[in-house]
Amino acid sequence: MQWIMKLFNLGGLILLKIKKKVKSEFEPNILVFCCNWCSYAGADLAGVSRFQYPPNIRIIRVMCSSRVDPTFVLRAFNNGIDGVLIIGCHMGDCHYMKGFEYTQVRMVHLKNLIRYIGIEADRFQLHSISASEGKQFSELIKDFTKKIIEFGELKIPKKSGIFELEYNCTKK
Amino acid sequence: MPNLQSSVLVIGGGISGIQASLDLTKLGFKVYLVEIKPTIGGAMAQLDKIYPTLDCSLCILAPKMVDIYRNPNIELFTYSNVKNIRGSAGDYTITIIRKPRYIKEDLCKGCGDCGEICPVRGIPSEFDTHLKTRGAIYMPFPSSVPPIYLIEESKCLYLNYRICGLCAKACKPEAIDFLQKPEEIDLKVGAIVIATGYIQEMPDVYDSFAGSSPNVFSSMQFERLLSANGPTGGQIIRLDDKKHPHSIAFIQCVGSRDVHHPECKKYCSAICCMNSAKEAIVVKEHDPSIDCYIFNTEVRAKGKNFYEFIEKSKNEYNVKYVNGHVSYIKENLDNGKLKLYYEDIDKGKVGTFEADMAILASALSPPPSYHELLRKLNVGCNNLGYIHETDIILLEKKNIFVTGYSRKPNDIQMAVAEGSACAAKISEILYHVRFQNIKKLKYPPEIPVKLEDEPRVGILICQCGINIGGIVNVSEVVDYVSKLPYVVHVEENMYSCSSDSQERIKELIIKYNLNRFIVASCTPRTHEQLFKNTLREAGLNPFLFELVNIRNQDSWVHQNEPKKATKKACDLIRMYLAKVINLKPLETIKVKVEKSTLIIGGGIAGITAAYNLANQGFEIYLVDKKSFLGGVALEFIDLYYIPITKNEILKEIKDLKNKSNVHILLNSVIDDIQGYVGNYQVKVKNIHDNSKNKTFNVGTIIVATGTKQIKTSRWVNLSERYPKRLLTQTELTEMKDADVPEFKDATIILCVDQRRNEFNTGDNIKTYCSNICCGVALKNIEKLLNINHNAHIHILYREFQFSDLNAENLWRRLRKKVTYERYRSIDDIKICDENDNFHIVYYNVGAQINIEYNTDLLILATPKVPVDDTEQLAKLLKVSTNTNGFFLEADAKLRPIDFATEGIFLCGGAHWPKWIGETITQAYGAAGRAAIIMAKGEIETECITSYINEEKCIGCGKCIEICPYNAIELVEIYKEMGLYNISVRKARVINAVCKGCGACIVECSVGAIDQNHFSKFQINKMIDLLPSLDAMDYEIV
């Protein structure tokens, strides 16, 4: 029986070698904010331990999760980013003592606002990952990506990004 | 004066050694850090969480380890040990042997290609306490410092049989060198710090604890099991049948506190009770349905917030404490469970209990290398296997300091304080030669980069061997990136972190006249500093740089999706390009620091700190409310085994009075404090004489205000009737022998009104443990026995809280002369007046009956509380206190003597009631921390700070409320408004204090605050450029 399977697999491989254009699946764009001390280190550890997760996330490093302005999240949705994740430290782990507490309070309000605007509130989530939780990081990303794919594309007209300078420079 | 060396040898790279090394370099000494293992970090790196904060251990330790690695003034010798020590105080010659790693340290990139290919498998990993396996070529754990591999000689096929050698072929940078030999290195140092830490052994005696069963763990093994990066990924499972346990038994005092068994340790390991409570809580957090039982003889929770932590585990997490000693465990072959046989003290019988898992809190002891070291120093050990206290003093005279667990069993926070204390003591001795060996990095002048200049970005994309290049199509990324605007030059290379790449970066910057740079490689947490230095060496401001993480967060985690990983790399570089073109050059500002210290409190802590700092040449203002120096402990200090005698302190006081740089202000209180680190303006008021009021400037402040003992509200009628025969412990200690009233039968009651739970609190009733009463009681017994040999002395206790080596010995000795009687709750003790005697009735736990007797002297251990004006002082200093009124430190574990506010330090009883020995350690520590700030005479501010746009600021003060560091102040600014000059309030960031968390920015409702290097515009642009510019169509083949 096994050799039939083997042959079948081999045949399958040959068949697949013929190029075949498949309609591209929905690949969500997900923005993740990580704090420098805990969650970014957790994401690094996931890498060192080779815990795989979907390649849809783009991490922006900030020093502390309390730096994340709610307007960043709104701007992201406005740009057509399908999901936003803020990952800070665990309660009490904050390198800056109270940062994550502030973040938590702020993001409760933001979540309500997002719901009010008419975006699925779970497209935005706040989580905690410590520097030793590589596995948890990859699980979190897997779950979140799955959720966003379920939601589908964010129905907001996309603005295309341009490289801009805060200060005008003298172009040569 | 002998020839003094300006460098220090630190033996042991655990947390204590790390703290000592970092402090020493800041105080101006070169440090050689020798570690016997291949990585630093010690036991703390293995822990999952730490008590009582339940912080992630590695989260707070790893940044310190990286600091050590990147510090130019610390030379790290891992996998090395000390061969011999020659010379004398101030001028030692040390020979160390560096064992061969068979890896060239400078070439290894820690990529792991060799580890994957190594055919040798199944070697138990030391870091994971033999629960996980590794190959013959390995890195101890993912965050090892230095992050390089090593080959275990006895297991390697090539080194033993000349076959294999696969790793050498796999290693792209050709770092493997099978010909390495042990290397001997001579070092010249002025002082030595010994911080060898502890090991947890599992000797044969544990066979009675079913030590061979796979479901019996030592506490450190269980710690690894709980850890998210441990052998089971943080899952709690039985190792044989992989089932989740329903009940876990924690067994305390395994192989310790046992005088009878030759293999057992005779002392208390000091940290196990708290450790087990912590592990039980973590288990409960994982899965609340698992029942946790802690079998203990007595719970020793000795430290700040420790008793509350135990109570929390009982009440909030429902961890069950069984008062009893486990003697024997065997496996029940019918159901695979473990059967425990134990003595139930509460019920007075032998019981059995079945659990799925058993965790042995087995004895912790100094490692063999410690004893070897002591032999080399010609110093003996006491019967407990520790260095004699007298020898510690002798060694300190020879500039050799013992810290952390090598000194005595202790937890992390004392190890950190002791590390800092060692640095302070060394700084006092080698004060004349500080900054002599410190490397000053010389940089070329900076190329001016103006905001108006057009950005010219250079990008280097690292292949990291095959780590990035094997998955991400680097040349495709180069193609894509080179078409982006403002990018002048892009190139790929094999290893961006190698030294030739650094040269290449410098070359590129000059050749293409670049003013911004991006490296796309590994993680900024370890490598950002390296590239920033390179940029600075090339003359570019280091803040015009970004490191894009395309290894740890891209190629390594998307190994099966190379195309998507390539796209992610492109996206990430594009996003960071949007940031990099908007970066501004940042400068550290140097703030002048007054080389003077205000020390509040002239007790033993204050005197010790003052003496240390005065000898380092700083100006000291020692302020005390009382009319004399010495504090409450001076009179009876000689009673205790501590490294200093009363006469020595009196001599120090005399010396202090004679020193020209010491100003002693007695009968004085602090009236006002303004300013910030480096420049505090202090007003001191004399209680009696207003003409002696003083105003002066200091750079740092040390708070050493101490504690006092309060009276109980119990048995008031008795204390009114017999004021001389019902005393608190402090009253008895301070009393002269002759003044003690005659007695035949004395009773000491411990834990009066303390260690109560939150439900029976009152005015003078405290939930915490005052920490020292048990030890003081032992000394009081000695005192009472001195007065009357034949007296009968009862000591009513709940649980003894000393884990001090000497106290334990004394307790055992006194056991023959006095009766220790255990009670359960203070409410069970009834005392009434009977024929001029106290008649005591209480429920005895051991005998399980009510016991009645008469006694004629009653001594109570009432709570210790902070001194009266603590709250007021806290307001002046703008620091916080905890619910019990003690000052709150910045971090319970790693910053026990710092306040959150920079420049203010804490020691002694103001932090928590503590032993004189610990007080002195903390005082030295605080002095050292203060000296770090003042040593250079200036401090450099952080670059990544907040800044305020004054035009937008409305002066509401919201940011001030939430800043955890008090780094924002409100200033009055006068503004011309037509005819009128009006004053407006504006917030201003104190750069010297700001740590750059950015919490204030979001809080500002008018958007007046922004952060350097993480500005709103920069992050916004990154978000804008996240969605693809050009949607790549994927072809699935």
# chains A, B, ... in the order shown; residues from 1 in each chain; ligands from 1

$ interface_residues --of "chain A" --to "chain B" --cutoff "6 Å" --atoms "only C-alpha atoms" --output "number ranges by chain"
A: 19, 21, 38, 44, 47, 50-52, 63-64, 66-67, 69, 76, 93, 131-133, 161, 163, 165, 169

$ write_last_selection --atoms "C-alpha atoms" --output "short mmCIF file (atom, residue, chain, number, x, y, z; two decimals), in the first residue's frame"
data_model
loop_
_atom_site.label_atom_id
_atom_site.label_comp_id
_atom_site.auth_asym_id
_atom_site.auth_seq_id
_atom_site.Cartn_x
_atom_site.Cartn_y
_atom_site.Cartn_z
CA LYS A 19 3.30 26.27 -13.39
CA LYS A 21 -1.41 30.46 -11.52
CA CYS A 38 9.40 42.36 27.04
CA ASP A 44 13.09 37.53 19.27
CA GLY A 47 12.81 33.44 16.33
CA ARG A 50 12.21 28.79 15.47
CA PHE A 51 8.54 28.88 16.44
CA GLN A 52 6.84 29.51 13.10
CA MET A 63 10.32 51.71 23.98
CA CYS A 64 7.16 51.11 26.00
CA SER A 66 2.45 53.36 26.67
CA ARG A 67 4.07 55.23 23.76
CA ASP A 69 -0.94 56.62 20.60
CA ALA A 76 -3.50 52.13 10.53
CA ASP A 93 6.75 43.67 34.64
CA ALA A 131 10.69 37.98 27.23
CA SER A 132 10.60 34.24 27.84
CA GLU A 133 7.34 33.54 26.05
CA GLY A 161 1.80 55.60 1.39
CA PHE A 163 7.78 58.83 1.52
CA LEU A 165 9.84 64.37 5.13
CA CYS A 169 14.72 69.61 2.25
#

$ select_by_dssp --residues "stretch 62-152 of chain A" --states "alpha helix (DSSP H)" --output "PyMOL selection string"
chain A and resi 70-78+99-117+134-151

$ residues_around --residues "B:Thr93" --least-positions-apart "2" --cutoff "12 Å" --atoms "only C-alpha atoms" --output "list in words"
Leu4, Gln5, Ser7, Val8, Leu9, Val82, Lys83, Asn84, Ile85, Arg86, Gly87, Ser88, Ala89, Gly90, Asp91, Thr95, Ile96, Ile185, Asp186, Leu187, Lys188, Val189, Gly190, Ala191 and Ile192 of chain B

$ residues_around --residues "A:Pro54" --least-positions-apart "5" --cutoff "8 Å" --atoms "only C-alpha atoms" --output "PDB file with C-alpha atoms, in the first residue's frame"
ATOM      1  CA  ILE A 141       0.167  35.717  16.114  1.00  0.00           C
ATOM      2  CA  LYS A 142      -1.296  32.532  14.661  1.00  0.00           C
ATOM      3  CA  THR A 145      -3.997  36.189  11.909  1.00  0.00           C
TER       4      THR A 145
ATOM      5  CA  HIS B 558       8.882  31.877   8.306  1.00  0.00           C
TER       6      HIS B 558
END

$ residues_around --residues "B:Phe353" --least-positions-apart "3" --cutoff "7 Å" --atoms "only C-alpha atoms" --output "number ranges by chain"
B: 339-341

$ write_last_selection --atoms "N, CA and C atoms" --output "PDB file, in the first residue's frame"
ATOM      1  N   LYS B 339       3.273   8.436  46.622  1.00  0.00           N
ATOM      2  CA  LYS B 339       2.672   8.364  47.950  1.00  0.00           C
ATOM      3  C   LYS B 339       3.629   8.982  48.963  1.00  0.00           C
ATOM      4  N   LEU B 340       3.138   9.985  49.649  1.00  0.00           N
ATOM      5  CA  LEU B 340       3.964  10.709  50.623  1.00  0.00           C
ATOM      6  C   LEU B 340       3.602  10.255  52.027  1.00  0.00           C
ATOM      7  N   TYR B 341       4.614  10.011  52.839  1.00  0.00           N
ATOM      8  CA  TYR B 341       4.395   9.723  54.260  1.00  0.00           C
ATOM      9  C   TYR B 341       4.896  10.927  55.031  1.00  0.00           C
TER      10      TYR B 341
END

$ atom_distance --atom1 "atom CA of B:Leu547" --atom2 "atom CA of B:Val519"
5.0 Å

$ atom_distance --atom1 "atom CA of B:Trp915" --atom2 "atom CA of B:Leu873"
23.3 Å

$ closest_residue --among "A:Gly134, A:Gly80, A:Gly99, A:Gly88" --to "A:Ala46" --atoms "only C-alpha atoms"
A:Gly134
